[in-house]
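For reference, run_16.txt (compact mmCIF, C-alpha atoms):
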```txt
# COMPACT_ATOMS: atom_id res chain seq x y z
CA MET A 730 -31.39 7.06 43.50
CA ASN A 731 -29.60 10.36 42.88
CA LYS A 732 -30.62 12.82 40.21
CA ALA A 733 -27.94 11.81 37.70
CA ASN A 734 -28.86 8.12 37.88
CA ALA A 735 -32.54 8.97 37.62
CA SER A 736 -31.96 11.14 34.54
CA PHE A 737 -29.91 8.38 32.91
CA SER A 738 -32.54 5.70 33.63
CA VAL A 739 -35.34 7.84 32.26
CA GLY A 740 -33.24 8.89 29.26
CA ARG A 741 -32.41 5.26 28.48
CA PHE A 742 -36.09 4.31 28.71
CA LEU A 743 -37.09 7.14 26.35
CA ALA A 744 -34.32 6.25 23.88
CA ILE A 745 -35.29 2.56 23.73
CA ARG A 746 -38.96 3.49 23.37
CA GLU A 747 -38.14 5.94 20.56
CA LEU A 748 -35.99 3.42 18.68
CA LYS A 749 -38.65 0.72 18.95
CA ARG A 750 -41.36 3.04 17.64
CA SER A 751 -39.30 4.55 14.83
CA ASN A 752 -39.60 3.39 11.22
CA PRO A 753 -37.25 0.37 10.88
CA TRP A 754 -36.26 1.35 7.33
CA THR A 755 -35.28 4.81 8.53
CA THR A 756 -33.21 3.28 11.31
CA LEU A 757 -31.50 0.88 8.89
CA LEU A 758 -30.77 3.75 6.49
CA ILE A 759 -29.10 5.81 9.25
CA ILE A 760 -27.04 2.81 10.34
CA PHE A 761 -26.06 2.18 6.72
CA VAL A 762 -24.92 5.79 6.34
CA MET A 763 -22.86 5.51 9.53
CA SER A 764 -21.34 2.26 8.23
CA LEU A 765 -20.34 3.98 4.99
CA THR A 766 -18.94 6.87 7.00
CA PHE A 767 -16.76 4.55 9.05
CA LEU A 768 -15.72 2.64 5.92
CA ASN A 769 -14.57 5.92 4.39
CA MET A 770 -12.62 6.73 7.54
CA VAL A 771 -10.78 3.40 7.47
CA LEU A 772 -10.99 1.85 4.01
CA ILE A 773 -9.56 4.57 1.75
CA GLY A 774 -6.62 5.29 4.02
CA GLY A 775 -6.02 1.56 4.52
CA LEU A 776 -5.99 0.92 0.77
CA LEU A 777 -3.67 3.85 0.06
CA LEU A 778 -1.30 2.85 2.85
CA GLY A 779 -1.47 -0.78 1.75
CA LEU A 780 -0.55 0.25 -1.78
CA ALA A 781 2.43 2.23 -0.50
CA GLN A 782 3.50 -0.66 1.72
CA GLY A 783 3.12 -2.97 -1.27
CA MET A 784 5.49 -0.79 -3.27
CA ILE A 785 8.09 -0.78 -0.51
CA GLY A 786 7.51 -4.44 0.29
CA SER A 787 8.02 -5.52 -3.33
CA PHE A 788 11.16 -3.38 -3.47
CA LYS A 789 12.56 -5.27 -0.48
CA GLN A 790 11.36 -8.69 -1.56
CA TYR A 791 12.48 -8.60 -5.19
CA TYR A 792 15.32 -6.09 -5.16
CA SER A 793 17.15 -4.98 -2.02
CA SER A 794 16.31 -7.86 0.35
CA ASP A 795 17.34 -7.23 4.01
CA LEU A 796 20.71 -5.56 3.34
CA PHE A 797 21.80 -3.84 0.16
CA ILE A 798 25.34 -2.92 -0.88
CA THR A 799 26.06 -0.51 -3.72
CA PRO A 800 29.08 1.54 -4.84
CA SER A 801 29.56 4.99 -3.35
CA SER A 802 28.67 7.99 -5.47
CA GLU A 803 32.30 8.30 -6.60
CA LYS A 804 32.44 4.72 -7.88
CA SER A 805 30.60 2.85 -10.61
CA ILE A 806 31.24 -0.68 -9.33
CA ILE A 807 31.86 -2.43 -6.02
CA GLU A 808 35.61 -2.78 -6.12
CA GLN A 809 37.20 -5.86 -4.55
CA THR A 810 33.86 -7.65 -4.65
CA HIS A 811 35.53 -10.96 -3.80
CA ASP A 812 36.88 -9.61 -0.50
CA ILE A 813 33.49 -8.11 0.40
CA THR A 814 31.65 -11.36 -0.32
CA SER A 815 34.09 -13.16 1.97
CA VAL A 816 33.00 -10.81 4.77
CA ILE A 817 29.33 -11.31 3.86
CA GLU A 818 29.72 -15.07 4.12
CA SER A 819 30.90 -14.65 7.70
CA ILE A 820 27.70 -12.89 8.86
CA PRO A 821 26.24 -15.10 11.64
CA ASN A 822 22.67 -14.38 10.52
CA LEU A 823 23.30 -14.92 6.77
CA GLU A 824 20.86 -17.00 4.73
CA SER A 825 21.95 -16.14 1.18
CA TYR A 826 23.14 -13.31 -1.06
CA THR A 827 23.14 -12.45 -4.76
CA LEU A 828 25.55 -10.46 -6.93
CA ARG A 829 24.32 -8.31 -9.81
CA THR A 830 26.13 -6.65 -12.70
CA THR A 831 24.10 -3.77 -14.16
CA ALA A 832 24.32 -1.37 -17.09
CA PRO A 833 21.98 0.88 -19.07
CA THR A 834 20.79 -0.93 -22.17
CA ARG A 835 18.41 -0.80 -25.10
CA VAL A 836 16.42 -3.72 -26.44
CA GLU A 837 15.32 -3.92 -30.10
CA TYR A 838 12.88 -6.17 -31.88
CA GLY A 839 12.19 -6.39 -35.61
CA HIS A 840 15.79 -5.76 -36.65
CA ARG A 841 15.84 -8.97 -38.67
CA THR A 842 12.90 -7.98 -40.87
CA ARG A 843 13.79 -4.38 -41.67
CA THR A 844 14.66 -3.75 -45.31
CA GLU A 845 16.50 -0.46 -44.94
CA VAL A 846 19.25 0.52 -42.52
CA ASN A 847 17.29 3.55 -41.39
CA ASP A 848 14.04 1.64 -40.78
CA VAL A 849 12.76 2.18 -37.23
CA VAL A 850 12.43 -0.98 -35.15
CA GLU A 851 10.64 -1.57 -31.87
CA ASN A 852 12.86 -0.63 -28.96
CA SER A 853 12.78 0.21 -25.28
CA GLN A 854 15.24 1.49 -22.69
CA ALA A 855 16.03 -0.81 -19.78
CA THR A 856 18.60 -1.82 -17.18
CA LEU A 857 20.69 -4.84 -18.05
CA THR A 858 21.15 -7.07 -15.00
CA GLY A 859 23.57 -9.96 -14.97
CA ILE A 860 22.89 -12.53 -12.24
CA HIS A 861 23.47 -16.11 -11.16
CA PHE A 862 19.88 -17.30 -11.55
CA ALA A 863 19.88 -19.98 -8.89
CA GLN A 864 21.48 -17.65 -6.35
CA GLU A 865 19.11 -14.77 -7.24
CA ASP A 866 16.13 -17.06 -6.73
CA LYS A 867 17.31 -17.99 -3.23
CA VAL A 868 17.26 -14.32 -2.25
CA THR A 869 14.29 -12.85 -4.15
CA ASN A 870 12.21 -15.84 -5.35
CA LEU A 871 12.24 -14.20 -8.77
CA SER A 872 11.25 -17.46 -10.49
CA LYS A 873 7.79 -17.22 -8.89
CA LYS A 874 7.20 -13.90 -10.69
CA VAL A 875 7.66 -15.17 -14.24
CA ILE A 876 4.22 -14.43 -15.72
CA GLU A 877 5.00 -15.82 -19.19
CA GLY A 878 7.54 -18.39 -20.32
CA GLU A 879 9.92 -19.86 -17.80
CA TYR A 880 12.78 -18.97 -15.48
CA LEU A 881 16.37 -19.27 -16.66
CA SER A 882 19.24 -21.37 -15.40
CA ASP A 883 22.90 -20.46 -15.32
CA SER A 884 23.40 -22.58 -18.45
CA ASP A 885 21.09 -20.37 -20.56
CA PHE A 886 23.79 -18.27 -22.22
CA SER A 887 21.72 -16.90 -25.11
CA ALA A 888 18.37 -16.28 -23.35
CA VAL A 889 17.01 -13.43 -21.25
CA LEU A 890 14.20 -12.59 -18.87
CA VAL A 891 12.49 -9.29 -19.71
CA GLY A 892 10.48 -7.11 -17.32
CA LYS A 893 6.85 -6.58 -18.25
CA ASN A 894 7.21 -2.78 -18.26
CA LEU A 895 9.12 -3.03 -21.53
CA PHE A 896 6.09 -4.46 -23.35
CA GLU A 897 3.26 -2.34 -24.63
CA LYS A 898 0.62 -4.97 -23.83
CA TYR A 899 1.42 -4.70 -20.12
CA SER A 900 1.59 -0.91 -20.09
CA ASN A 901 -1.12 1.09 -18.33
CA ARG A 902 -0.58 3.74 -21.01
CA PRO A 903 -0.43 1.73 -24.27
CA ASP A 904 -0.94 4.80 -26.45
CA SER A 905 1.74 6.92 -24.80
CA SER A 906 4.10 8.46 -27.35
CA THR A 907 6.69 9.43 -24.74
CA GLU A 908 7.53 5.88 -23.67
CA GLN A 909 8.85 3.43 -26.23
CA LYS A 910 7.67 -0.14 -25.75
CA LEU A 911 7.98 -3.45 -27.51
CA LYS A 912 4.73 -3.98 -29.44
CA ASN A 913 5.07 -7.38 -31.08
CA ALA A 914 7.89 -9.06 -29.17
CA GLN A 915 6.87 -12.02 -27.01
CA VAL A 916 8.27 -15.14 -25.41
CA GLY A 917 10.40 -16.89 -28.04
CA SER A 918 11.21 -13.68 -29.96
CA VAL A 919 14.80 -12.88 -30.85
CA VAL A 920 15.83 -9.40 -29.69
CA ASN A 921 18.94 -7.29 -29.93
CA ILE A 922 20.46 -6.21 -26.60
CA ILE A 923 22.64 -3.13 -26.95
CA VAL A 924 25.10 -1.88 -24.33
CA GLY A 925 27.31 0.96 -25.55
CA ASN A 926 28.79 -0.20 -28.84
CA THR A 927 28.14 -3.86 -28.10
CA ARG A 928 25.07 -5.58 -29.50
CA LYS A 929 24.08 -9.21 -29.39
CA GLU A 930 21.01 -11.30 -30.10
CA PHE A 931 19.17 -13.10 -27.30
CA VAL A 932 15.94 -15.09 -27.10
CA ILE A 933 13.21 -13.93 -24.72
CA LYS A 934 12.58 -16.99 -22.56
CA GLY A 935 10.37 -15.39 -19.92
CA ILE A 936 8.61 -12.22 -18.82
CA VAL A 937 8.91 -10.99 -15.24
CA GLY A 938 6.08 -9.16 -13.47
CA THR A 939 6.51 -8.23 -9.81
CA GLY A 940 4.47 -5.02 -9.68
CA ASN A 941 7.66 -3.08 -8.86
CA ASN A 942 8.80 -0.63 -11.55
CA THR A 943 12.49 -1.09 -10.79
CA ILE A 944 12.38 -4.85 -11.29
CA ASP A 945 9.89 -4.82 -14.14
CA SER A 946 12.09 -2.45 -16.17
CA ARG A 947 15.09 -4.79 -16.20
CA ILE A 948 16.49 -7.39 -18.57
CA TYR A 949 18.06 -10.37 -16.80
CA MET A 950 20.81 -12.51 -18.30
CA GLY A 951 23.65 -14.64 -17.00
CA ALA A 952 26.42 -12.80 -15.13
CA ALA A 953 29.12 -13.87 -17.61
CA ALA A 954 27.03 -12.69 -20.58
CA ALA A 955 26.42 -9.33 -18.89
CA ARG A 956 30.14 -8.79 -18.29
CA GLU A 957 30.77 -9.63 -21.94
CA MET A 958 28.16 -7.06 -23.02
CA LYS A 959 29.88 -4.45 -20.84
CA ASN A 960 33.36 -5.51 -22.04
CA GLN A 961 34.21 -5.95 -18.37
CA GLU A 962 37.02 -8.31 -17.46
CA SER A 963 36.85 -8.08 -13.65
CA LEU A 964 34.34 -10.00 -11.55
CA ASP A 965 33.35 -6.85 -9.62
CA VAL A 966 29.61 -6.17 -9.50
CA ASN A 967 27.24 -3.23 -9.06
CA GLU A 968 24.77 -4.55 -6.49
CA ILE A 969 24.78 -7.08 -3.67
CA ALA A 970 21.49 -8.05 -2.01
CA ILE A 971 21.73 -9.98 1.26
CA LYS A 972 18.96 -12.10 2.77
CA LEU A 973 19.15 -12.81 6.50
CA LYS A 974 17.72 -15.70 8.49
CA SER A 975 16.06 -13.37 10.99
CA SER A 976 14.76 -9.93 10.06
CA ASN A 977 14.95 -8.99 13.74
CA LEU A 978 18.74 -8.89 13.49
CA ILE A 979 19.07 -6.60 10.48
CA ASP A 980 20.61 -3.72 12.41
CA GLU A 981 23.07 -6.03 14.14
CA SER A 982 24.09 -7.57 10.82
CA LYS A 983 24.56 -4.14 9.27
CA SER A 984 26.73 -3.08 12.22
CA TYR A 985 28.76 -6.28 11.80
CA LEU A 986 29.51 -5.36 8.17
CA LEU A 987 30.28 -1.75 9.01
CA ASN A 988 32.70 -2.77 11.74
CA ILE A 989 34.68 -4.98 9.37
CA LEU A 990 34.37 -2.77 6.28
CA GLY A 991 34.53 0.49 8.20
CA ASN A 992 37.55 1.75 6.31
CA ASN A 993 36.00 0.99 2.92
CA GLN A 994 34.55 4.31 1.79
CA ASP A 995 33.81 2.96 -1.69
CA VAL A 996 30.60 1.10 -0.76
CA VAL A 997 27.27 2.02 0.80
CA ILE A 998 25.54 -0.48 3.10
CA GLN A 999 21.82 0.06 3.66
CA ILE A 1000 18.90 -1.77 5.21
CA ALA A 1001 15.84 -2.17 3.01
CA ASP A 1002 14.03 0.93 4.30
CA GLU A 1003 17.11 3.06 3.63
CA ALA A 1004 17.54 1.64 0.14
CA VAL A 1005 14.00 2.49 -0.96
CA PRO A 1006 14.07 5.32 -3.53
CA GLY A 1007 13.11 8.68 -2.09
CA SER A 1008 10.06 8.87 -4.33
CA SER A 1009 8.65 5.67 -2.81
CA ALA A 1010 9.10 7.01 0.72
CA ASP A 1011 7.46 10.29 -0.31
CA ILE A 1012 4.56 8.38 -1.85
CA THR A 1013 4.01 6.56 1.44
CA LYS A 1014 3.83 9.86 3.35
CA THR A 1015 1.55 11.35 0.69
CA PHE A 1016 -0.83 8.37 0.70
CA LYS A 1017 -0.98 8.40 4.48
CA LEU A 1018 -1.78 12.12 4.47
CA LEU A 1019 -4.47 11.62 1.82
CA GLY A 1020 -5.96 8.75 3.83
CA ASN A 1021 -6.13 10.91 6.95
CA LEU A 1022 -7.67 13.74 4.95
CA VAL A 1023 -10.37 11.46 3.55
CA GLY A 1024 -10.94 10.14 7.07
CA VAL A 1025 -11.46 13.66 8.45
CA ILE A 1026 -13.93 14.47 5.66
CA ALA A 1027 -15.82 11.24 6.38
CA LEU A 1028 -15.88 12.11 10.08
CA ILE A 1029 -17.37 15.52 9.30
CA VAL A 1030 -20.00 13.90 7.08
CA GLY A 1031 -20.89 11.47 9.86
CA ALA A 1032 -21.15 14.26 12.41
CA ILE A 1033 -23.40 16.29 10.14
CA THR A 1034 -25.57 13.23 9.47
CA ILE A 1035 -26.14 12.57 13.16
CA PHE A 1036 -26.72 16.28 13.84
CA ILE A 1037 -29.38 16.52 11.13
CA VAL A 1038 -31.11 13.29 12.17
CA ILE A 1039 -31.32 14.30 15.84
CA PHE A 1040 -32.17 17.93 15.08
CA VAL A 1041 -35.01 17.03 12.71
CA ASN A 1042 -36.28 14.41 15.13
CA ALA A 1043 -36.19 16.85 18.04
CA ILE A 1044 -37.78 19.71 16.08
CA THR A 1045 -40.64 17.57 14.76
CA ARG A 1046 -41.26 16.26 18.29
CA ARG A 1047 -40.88 19.59 20.02
CA LYS A 1048 -44.48 19.49 21.29
CA TYR A 1049 -43.89 16.00 22.66
CA ILE A 1050 -40.70 17.20 24.37
CA GLY A 1051 -42.63 20.09 25.89
CA ILE A 1052 -45.21 17.70 27.29
CA LEU A 1053 -42.46 15.49 28.75
CA LYS A 1054 -40.97 18.50 30.47
CA GLY A 1055 -44.44 19.58 31.60
CA ILE A 1056 -45.06 16.29 33.42
CA GLY A 1057 -41.76 16.58 35.27
CA ILE A 1058 -39.18 14.82 33.12
CA SER A 1059 -35.94 16.78 33.25
CA SER A 1060 -34.22 18.30 30.25
CA GLU A 1061 -31.13 16.25 31.09
CA ALA A 1062 -33.09 12.99 30.74
CA ILE A 1063 -34.43 14.03 27.33
CA GLU A 1064 -30.97 15.06 26.18
CA ILE A 1065 -29.57 11.74 27.38
CA SER A 1066 -32.23 9.90 25.37
CA TYR A 1067 -31.08 11.58 22.15
CA VAL A 1068 -27.42 11.01 23.00
CA ILE A 1069 -28.15 7.31 23.51
CA GLN A 1070 -29.89 7.20 20.12
CA SER A 1071 -26.79 8.77 18.56
CA LEU A 1072 -24.64 6.17 20.34
CA PHE A 1073 -26.84 3.38 18.96
CA TYR A 1074 -26.56 4.63 15.37
CA ALA A 1075 -22.81 5.19 15.57
CA LEU A 1076 -22.01 1.96 17.41
CA SER A 1077 -24.15 -0.12 15.05
CA GLY A 1078 -22.49 1.46 12.01
CA VAL A 1079 -19.00 0.90 13.42
CA LEU A 1080 -19.71 -2.73 14.31
CA LEU A 1081 -21.19 -3.58 10.91
CA ALA A 1082 -18.37 -1.87 9.03
CA SER A 1083 -15.73 -3.52 11.25
CA ILE A 1084 -17.17 -6.98 10.68
CA PHE A 1085 -17.17 -6.37 6.93
CA LEU A 1086 -13.61 -4.99 6.94
CA MET A 1087 -11.87 -7.48 9.20
CA GLY A 1088 -14.08 -10.48 8.59
CA PHE A 1089 -14.28 -10.35 4.81
CA LEU A 1090 -12.50 -7.58 2.93
CA LYS A 1091 -9.07 -7.71 4.58
CA PRO A 1092 -8.73 -11.52 4.43
CA TYR A 1093 -9.90 -11.45 0.81
CA LEU A 1094 -7.37 -8.79 -0.23
CA ASP A 1095 -4.60 -10.63 1.63
CA ILE A 1096 -5.25 -13.63 -0.62
CA HIS A 1097 -6.28 -11.73 -3.75
CA PRO A 1098 -4.48 -8.34 -3.66
CA LEU A 1099 -5.43 -5.59 -6.05
CA VAL A 1100 -3.06 -5.82 -9.01
CA LEU A 1101 -2.23 -2.22 -9.89
CA PRO A 1102 0.39 -0.87 -12.32
CA ILE A 1103 2.74 0.31 -9.55
CA ALA A 1104 2.28 -2.45 -6.94
CA GLU A 1105 -0.02 -5.03 -5.42
CA GLY A 1106 -2.49 -3.37 -3.07
CA ARG A 1107 -3.70 -4.88 0.20
CA LEU A 1108 -5.68 -3.39 3.07
CA ALA A 1109 -3.29 -2.01 5.70
CA VAL A 1110 -5.73 -1.87 8.62
CA THR A 1111 -5.18 -3.16 12.15
CA THR A 1112 -7.56 -3.72 15.05
CA GLU A 1113 -5.93 -0.72 16.71
CA ASP A 1114 -6.87 1.44 13.69
CA ILE A 1115 -10.43 0.13 13.86
CA PHE A 1116 -10.69 0.81 17.59
CA THR A 1117 -9.15 4.30 17.44
CA ARG A 1118 -11.27 5.53 14.54
CA GLY A 1119 -14.35 3.85 15.97
CA VAL A 1120 -13.93 5.70 19.26
CA ILE A 1121 -13.41 8.98 17.39
CA LEU A 1122 -16.59 8.48 15.35
CA ILE A 1123 -18.63 7.49 18.41
CA ILE A 1124 -17.46 10.49 20.46
CA THR A 1125 -18.15 12.82 17.52
CA SER A 1126 -21.61 11.30 17.11
CA LEU A 1127 -22.40 11.77 20.80
CA ILE A 1128 -21.48 15.44 20.57
CA SER A 1129 -23.47 15.81 17.34
CA GLY A 1130 -26.50 14.24 19.01
CA PHE A 1131 -26.21 16.26 22.20
CA ILE A 1132 -26.03 19.74 20.60
CA PRO A 1133 -29.40 19.72 18.72
CA ALA A 1134 -31.13 17.98 21.62
CA ARG A 1135 -29.92 20.67 24.00
CA LEU A 1136 -30.99 23.45 21.63
CA VAL A 1137 -34.54 22.11 21.57
CA THR A 1138 -34.90 21.16 25.24
CA ARG A 1139 -33.69 24.60 26.36
CA GLN A 1140 -36.70 26.23 24.75
CA ASN A 1141 -39.55 27.47 26.96
CA THR A 1142 -41.77 24.51 27.93
CA LEU A 1143 -45.06 26.34 27.25
CA ASP A 1144 -43.81 27.58 23.83
CA SER A 1145 -42.84 24.04 22.93
CA ILE A 1146 -46.26 22.67 23.88
CA LEU A 1147 -48.04 25.41 21.94
CA GLY A 1148 -45.68 24.99 18.97
CA LYS A 1149 -44.43 28.54 19.07
```

Kindly transcribe the structure held in the file into structure tokens.
Amino acid sequence: MNKANASFSVGRFLAIRELKRSNPWTTLLIIFVMSLTFLNMVLIGGLLLGLAQGMIGSFKQYYSSDLFITPSSEKSIIEQTHDITSVIESIPNLESYTLRTTAPTRVEYGHRTRTEVNDVVENSQATLTGIHFAQEDKVTNLSKKVIEGEYLSDSDFSAVLVGKNLFEKYSNRPDSSTEQKLKNAQVGSVVNIIVGNTRKEFVIKGIVGTGNNTIDSRIYMGAAAAREMKNQESLDVNEIAIKLKSSNLIDESKSYLLNILGNNQDVVIQIADEAVPGSSADITKTFKLLGNLVGVIALIVGAITIFIVIFVNAITRRKYIGILKGIGISSEAIEISYVIQSLFYALSGVLLASIFLMGFLKPYLDIHPLVLPIAEGRLAVTTEDIFTRGVILIITSLISGFIPARLVTRQNTLDSILGK
């Protein structure tokens, strides 16, 4: 047996002997701290990234779908919508599409009960969105996000769906004076919808809550009613969302549209990721950076924890280490024993935290996501993330265990025995 193998065998024996003789509660506490350290490395970043992905995912699911067509910056509507929809219907990968007519609007409630013309009524700013309800539901499944009341049909000419962001009871800042909300309006209330100089009464038939601010700040009504509110005679629209049968062919489908509509400079064709507002993309980058920052801090805490544990253990057993060296056990074997102890603490913490994360927390949040004001939050963690961060923590722990052990074992053997 060569020297290296001998040192490793002796070091392993000493490490196992030390772990068996140590206080079990102390061992469990160190493992618990390492588990919390690894959770901090993975959990916070995973939650932040999951929240950002939830924002972008809800934007795609309930708004842009796979492909999104809007007017160019020089235009206010998609001109020749009929011709463009004819091209859309020829996409080989097409599943469905929806047309939307939009306009800035204001909704009022309490106008029927005011006694003076100048009396202030409840009101909120919104985006009016005229749709064909059955067609919209095929693309976005909007009917499944009606949290109060019921979904509309194309025959509901005098009813609307209202996004939850327009109601004070759903606001995360109910006392904010800068945002006007509807305080007393509810399902069944009659509200005034105002677009420009046009105003008309509608009944709130349902409240929509998707977790996406864009969708939840809209008022949905039938396409014909929306054109009437805008005093628009043409059938041209402002948005077209296209759902494809296979998401793997999004780029090909976009290229297909661009090839046919290449000369049409009046429209913009985007895939979902391109259509996401810049602020959402920036939030994703910010959350990812914050998650990495928290992970680095947790890694430093874990390294310091291991360093202190091994250093205190080695210092308090300095006389014992001196005796081991005096009877012929090499410094390398003693150092290896402390490195193996560090490996045990780190590996145990990583395994326990991983089982908790992937075996319980992630499946639970997939079924019951965190419902937050800006989006639904899930845990965006993969086995690759677990493995990578686990390896980083283990390597850091090995280094943190080796350094104090080496500092103590390099002391003079006689001084160690005498406690000098």

(request) Tell me which of A:Met770, A:Ile817, A:Leu780, A:Met1087 sits closest to Ile1121 of chain A, counting all atoms listed in the file. (result)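 Of A:Met770, A:Ile817, A:Leu780, A:Met1087, the one nearest Ile1121 of chain A, counting all atoms listed in the file, is A:Met770.
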
Box for segment 927-934 of chain A - axis-aligned, 3 Å on each of the six sides, all listed atoms - centre and size in Å to one decimal, as lines of an AutoDock Vina configuration file.
```
center_x = 20.4
center_y = -10.4
center_z = -26.3
size_x = 21.6
size_y = 19.1
size_z = 13.5
```

(request) Determine the nearest neighbour of Ala1109 of chain A from the options A:Leu748, A:Val1025, A:Ile813, A:Val771, counting all atoms listed in the file. (result) A:Val771

(request) With a distance cut-off of 10 Å and only C-alpha atoms, select the neighbouring residues of Leu765 of chain A, excluding the residue or stretch itself and same-chain residues fewer than 4 positions from it, and output the selection as a ChimeraX atom specification. (result) /A:759-761,769-772,1027,1031,1078-1079,1081-1082

(message) With distances taken over all atoms listed in the file, which residue among A:Met958, A:Met763, A:Val1110, A:Leu986 lies nearest Ile798 of chain A?
(response) A:Leu986

(message) Nearest residue to Ile1035 of chain A out of A:Ile948, A:Leu1086, A:Val1068, A:Ala954, using only C-alpha atoms?
(response)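 Among the listed residues, the smallest separation from Ile1035 of chain A belongs to A:Val1068.
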
(request) Please work out which residues fall within 12 Å of (-4.6, -9.9, -2.7), coordinates as given in the file, with all atoms listed in the file counting, and return them as a count of residues only. (result) 22

(message) One number please: atom CA of Ala953 of chain A to atom CA of Gly859 of chain A, in Å, one decimal.
(response)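 Taking atom CA of Ala953 of chain A as the start and atom CA of Gly859 of chain A as the end point, the length is 7.3 Å.
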
Output as a Markdown table one row per residue of segment 748-790 of chain A within 8 Å of segment 1013-1023 of chain A: the closest atom pair and its distance in Å to one decimal place, counting only C-alpha atoms, sorted by chain and residue number ascending.
```
| residue | atom | partner | partner_atom | distance |
| --- | --- | --- | --- | --- |
| A:Asn769 | CA | A:Val1023 | CA | 7.0 |
| A:Met770 | CA | A:Val1023 | CA | 6.6 |
| A:Ile773 | CA | A:Gly1020 | CA | 5.9 |
| A:Gly774 | CA | A:Gly1020 | CA | 3.5 |
| A:Gly775 | CA | A:Gly1020 | CA | 7.2 |
| A:Leu777 | CA | A:Phe1016 | CA | 5.4 |
| A:Leu778 | CA | A:Lys1017 | CA | 5.8 |
| A:Ala781 | CA | A:Thr1013 | CA | 5.0 |
| A:Gln782 | CA | A:Thr1013 | CA | 7.2 |
```

(request) Go through A:Tyr985, A:Phe1116, A:Phe1131, A:Phe788 one by one, measure the shortest atom-to-atom distance of each to Ile944 of chain A using all atoms listed in the file, and give the residue with the smallest value. (result) A:Phe788

(request) Using only C-alpha atoms, pick whichever of A:Arg835, A:Arg746, A:Arg741, A:Lys789 has the shortest atom-to-atom distance to Ile1000 of chain A. (result)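 Smallest separation from Ile1000 of chain A among the options: A:Lys789.
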
(message) Using Å and a single decimal, report how far atom CA of Ile1058 of chain A sits from atom CA of Pro1133 of chain A.
(response) 18.1 Å

(request) Enter the distance from atom CA of Ser982 of chain A to atom CA of Ala1001 of chain A, in Å, rounded to one decimal. (result)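 So the two atoms, atom CA of Ser982 of chain A and atom CA of Ala1001 of chain A, lie 12.6 Å apart.
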
Go through segment 774-843 of chain A residue by residue and, counting all atoms listed in the file, keep those with an atom at most 12 Å from segment 887-897 of chain A; for each kept residue give the shortest atom pair and its distance in Å to one decimal, ordered by chain and increasing number, as a Markdown table.
```
| residue | atom | partner | partner_atom | distance |
| --- | --- | --- | --- | --- |
| A:Thr834 | CA | A:Leu895 | CA | 11.9 |
| A:Arg835 | CA | A:Leu895 | CA | 10.2 |
| A:Val836 | CA | A:Leu895 | CA | 8.8 |
| A:Glu837 | CA | A:Leu895 | CA | 10.6 |
| A:Tyr838 | CA | A:Phe896 | CA | 11.0 |
```
